[in-house]
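Heads up: the structure comes next, in structure tokens.
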Amino acid sequence: MSRALVVGGTGPTGPPIVAGLLTRGHEVTVFHTGRHEVAELPDVPHVHGSPFEADDIARAVGEGGWDVVVATYGRVRLIADAVANRCAHLVVVGGVPVYQGYVNPGSRFPYGVQLPVREDSHPLVAPDEPRFAGYSTGPIRRTEDHVFSLGTKGSFAATYLRYPTVYGPRNPYAWEWNVVRRVLDGRPWLVLADGGHGIHSRAAARNAAEAVLLAVDRPAIAAGQAYNVADDDLLTVRQWAQLVARAAGRDLEIRSLPRELPNPGLAVSAFGGQESPTSIVDITRLREDLGYRDVVSVPDGIAETVEWMLANEPLLRASGTTDPFDYPAEDALVAAYEQALASLAALAAPFGAGIERMDMVQTAKGRAL
């Protein structure tokens with residue numbers, strides 16, 4: 001029987017990864033800190049320790065070998081060193097911030113990431129990329145380079161899965177809670193930056209786990225490859241918020257504030273609105289190499305997420321997000337902004353004519369009227 005070590009395993013994608021490995025006949029051990037035992041995790045052996053400490057990692061890896069190690073958490077460079085020449089296949093979960101311009105869109109010309117983002121053509125951040133928006137992307141690049149370098153040397157077959165924003169139960173970055181809490185609190189509306197018209201690839205937890213499992217299934221094909229991971233379908237931020245609100249029980253009106261103005265709408269994104277306003281990752285390689293298809297639809301994935309949040313409301317209210325939920329300040333800001341818009345109406349009037357300004361008004365088929 002194949003032996004599999006899962007590092008992490010208690011986050012949003014952990015239980016479906018472990019369950020999928022068991023279904024495939026692997027003998028699974030989970031290595032994590034032990035701080036978060038979850039009922040959804042199948043009954044498998046646990047090793048408790050820090051995936052960020054070399055000694056604890058060495059103890060978890062033990063003296064024997066592993067057929068596959070799935071690293072979803074921890075200091076991956078230390079994990080890779082510990083399993084070098086002691087596992088056949090190392091599958092690592094990374095993220096799309098490794099792409100140049102995702103976290104810092106002003107670092108590229110033209111502004112932001114290429115659309116779509118392809119693994120074989122989009123530049124990565126530099127290994128010494130400066131910190132931006134409170135986040136360091138250089139270590140992500142250095143870790144990928146280290147893992148693939150060990151793979152090239154024959155230490156193991158190396159595969160990287162580049163996750164986008166993931167949603168699902170137990171997600172420590174609970175962006176959906178910003179919407180759900182407003183429904184629960186009886187708020188009539190939700191602020192989104194620039195009306196929520198940007199598009200960001202996302203992945204339901206079970207879909208992200210499926211991508212990992214497919215890489216485990218096909219080590220010969222996946223060796224040496226990095227794969228973008230995302231749902232098959234795309235949503236604007238506005239559509240995402242609307243689906244979340246409805247799943248929570250009530251529609252919310254959407255109010256728009258400009259991205260340049262600090263506002264609560266920026267709290268629904270990982271980097272406070274400083275990231276690329278639109279980021280669509282191409283998953284053609286994942287689909288063609290590994291046969292990926294969604295195992296859960298976007299509406300169903302959102303419904304699962306919201307259902308978990310509603311069942312764990314006290315936990316989420318205690319842990320919070322980057323959203324201050326300061327409703328009086330929010331109301332005052334929106335009122336002041338709308339007053340400012342009204343004061344600009346006369347100045348904006350010359351720019352409101354639209355297509356009527358054209359000398360020759362055309363039909364949809366291009367014929368002059």
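Ligands are numbered from 1 in the order shown, chains are lettered A, B, ... in the order of the structure tokens, and residues start at 1 in each chain.
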
Original post:
Do you know which residues are at most 8 Å from segment 131-133 of chain A counting only C-alpha atoms, after dropping those on the same chain fewer than 6 positions away, and could you put them as a list in words?
Top reply: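 Counting only the stated atoms, we get Val103, Asn104, Phe271, Gly272 and Gln274 of chain A.
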
Each segment 69-163 of chain A residue no farther than 10 Å from segment 228-239 of chain A, nearest pair in Å, only C-alpha atoms, as JSON lines:
{"residue": "A:Val93", "atom": "CA", "partner": "A:Val229", "partner_atom": "CA", "distance": 9.9}
{"residue": "A:Gly94", "atom": "CA", "partner": "A:Asn228", "partner_atom": "CA", "distance": 9.6}
{"residue": "A:Gly95", "atom": "CA", "partner": "A:Asn228", "partner_atom": "CA", "distance": 8.4}
{"residue": "A:Val96", "atom": "CA", "partner": "A:Asn228", "partner_atom": "CA", "distance": 7.5}
{"residue": "A:Val117", "atom": "CA", "partner": "A:Asn228", "partner_atom": "CA", "distance": 8.5}
{"residue": "A:Arg118", "atom": "CA", "partner": "A:Asn228", "partner_atom": "CA", "distance": 7.8}
{"residue": "A:Glu119", "atom": "CA", "partner": "A:Asn228", "partner_atom": "CA", "distance": 6.9}
{"residue": "A:Tyr160", "atom": "CA", "partner": "A:Asn228", "partner_atom": "CA", "distance": 8.6}
{"residue": "A:Leu161", "atom": "CA", "partner": "A:Asn228", "partner_atom": "CA", "distance": 6.2}
{"residue": "A:Arg162", "atom": "CA", "partner": "A:Asn228", "partner_atom": "CA", "distance": 4.9}
{"residue": "A:Tyr163", "atom": "CA", "partner": "A:Val229", "partner_atom": "CA", "distance": 5.2}

Given the selection you just returned, output its residues as a file containing all heavy atoms, formatted as a tab-separated table (two decimals), in the first residue's frame.
chain	number	residue	atom	x	y	z
A	93	VAL	N	1.41	22.88	-2.28
A	93	VAL	CA	0.41	23.91	-2.52
A	93	VAL	C	1.06	25.27	-2.34
A	93	VAL	O	1.55	25.60	-1.26
A	93	VAL	CB	-0.78	23.76	-1.55
A	93	VAL	CG1	-1.69	24.98	-1.63
A	93	VAL	CG2	-1.55	22.49	-1.86
A	94	GLY	N	1.09	26.03	-3.42
A	94	GLY	CA	1.58	27.40	-3.39
A	94	GLY	C	0.43	28.35	-3.73
A	94	GLY	O	-0.73	28.07	-3.43
A	95	GLY	N	0.75	29.46	-4.38
A	95	GLY	CA	-0.31	30.42	-4.67
A	95	GLY	C	0.00	31.32	-5.84
A	95	GLY	O	1.16	31.46	-6.26
A	96	VAL	N	-1.05	31.95	-6.38
A	96	VAL	CA	-0.89	32.83	-7.52
A	96	VAL	C	-0.12	34.12	-7.21
A	96	VAL	O	0.30	34.80	-8.16
A	96	VAL	CB	-2.25	33.17	-8.17
A	96	VAL	CG1	-2.89	31.93	-8.74
A	96	VAL	CG2	-3.19	33.83	-7.17
A	117	VAL	N	-3.67	34.51	-16.95
A	117	VAL	CA	-2.33	34.20	-16.44
A	117	VAL	C	-2.01	32.76	-16.80
A	117	VAL	O	-2.68	31.83	-16.34
A	117	VAL	CB	-2.27	34.39	-14.91
A	117	VAL	CG1	-0.91	33.98	-14.37
A	117	VAL	CG2	-2.59	35.83	-14.54
A	118	ARG	N	-0.97	32.56	-17.62
A	118	ARG	CA	-0.57	31.21	-18.03
A	118	ARG	C	0.76	30.84	-17.37
A	118	ARG	O	1.66	31.67	-17.25
A	118	ARG	CB	-0.44	31.12	-19.54
A	118	ARG	CG	-1.74	31.35	-20.30
A	118	ARG	CD	-1.59	31.10	-21.79
A	118	ARG	NE	-2.86	31.23	-22.49
A	118	ARG	CZ	-3.31	32.34	-23.04
A	118	ARG	NH1	-2.56	33.45	-22.98
A	118	ARG	NH2	-4.48	32.38	-23.64
A	119	GLU	N	0.87	29.58	-16.98
A	119	GLU	CA	2.06	29.13	-16.28
A	119	GLU	C	3.33	29.27	-17.11
A	119	GLU	O	4.41	29.57	-16.56
A	119	GLU	CB	1.93	27.65	-15.87
A	119	GLU	CG	0.76	27.34	-14.98
A	119	GLU	CD	-0.44	26.82	-15.75
A	119	GLU	OE1	-0.57	27.16	-16.96
A	119	GLU	OE2	-1.24	26.08	-15.16
A	160	TYR	N	3.87	21.57	-8.26
A	160	TYR	CA	3.33	22.73	-7.55
A	160	TYR	C	1.91	23.00	-8.01
A	160	TYR	O	1.62	22.99	-9.21
A	160	TYR	CB	4.18	23.98	-7.81
A	160	TYR	CG	4.85	24.50	-6.57
A	160	TYR	CD1	6.12	24.07	-6.21
A	160	TYR	CD2	4.22	25.43	-5.75
A	160	TYR	CE1	6.75	24.55	-5.07
A	160	TYR	CE2	4.84	25.91	-4.60
A	160	TYR	CZ	6.10	25.46	-4.27
A	160	TYR	OH	6.71	25.93	-3.14
A	161	LEU	N	1.02	23.23	-7.05
A	161	LEU	CA	-0.34	23.69	-7.34
A	161	LEU	C	-0.46	25.12	-6.85
A	161	LEU	O	-0.28	25.40	-5.67
A	161	LEU	CB	-1.37	22.82	-6.61
A	161	LEU	CG	-1.70	21.42	-7.15
A	161	LEU	CD1	-2.14	21.48	-8.60
A	161	LEU	CD2	-0.55	20.46	-6.98
A	162	ARG	N	-0.73	26.03	-7.78
A	162	ARG	CA	-0.83	27.45	-7.45
A	162	ARG	C	-2.29	27.80	-7.20
A	162	ARG	O	-3.07	28.00	-8.12
A	162	ARG	CB	-0.24	28.31	-8.56
A	162	ARG	CG	1.28	28.14	-8.69
A	162	ARG	CD	1.83	28.85	-9.92
A	162	ARG	NE	3.28	28.70	-10.01
A	162	ARG	CZ	3.98	28.85	-11.14
A	162	ARG	NH1	3.35	29.17	-12.27
A	162	ARG	NH2	5.29	28.69	-11.14
A	163	TYR	N	-2.65	27.85	-5.90
A	163	TYR	CA	-4.02	28.17	-5.50
A	163	TYR	C	-4.31	29.65	-5.73
A	163	TYR	O	-3.47	30.51	-5.49
A	163	TYR	CB	-4.21	27.90	-4.01
A	163	TYR	CG	-4.49	26.47	-3.60
A	163	TYR	CD1	-4.38	25.40	-4.49
A	163	TYR	CD2	-4.86	26.19	-2.28
A	163	TYR	CE1	-4.64	24.10	-4.07
A	163	TYR	CE2	-5.13	24.89	-1.86
A	163	TYR	CZ	-5.01	23.85	-2.75
A	163	TYR	OH	-5.27	22.58	-2.33

Original post:
How many Å lie between atom CA of Arg77 of chain A and atom CA of His89 of chain A, rounded to one decimal?
Top reply: 14.9 Å

**OP:** Just the residues within 10 Å of Val183 of chain A, please, counting only C-alpha atoms, with nothing from its chain fewer than 6 positions along; format it as a list in words.
**Re:**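 Within the cut-off, the hits are Trp177, Trp189, Leu190, Val244, Ala245, Arg246, Ala247, Ala248, Gly249, Arg250, Asp251 and Leu252 of chain A.
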
Subject >> segment 224-363 of chain A: residues DSSP assigns to strand (DSSP E or B), reported as a list in words >> reply: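 Secondary structure check on segment 224-363 of chain A, strand (DSSP E or B): Gln225, Ala226, Tyr227, Asn228, Thr236, Glu253, Ile254, Arg255, Ser256, Leu257, Ser279, Val281 and Gln362 of chain A.
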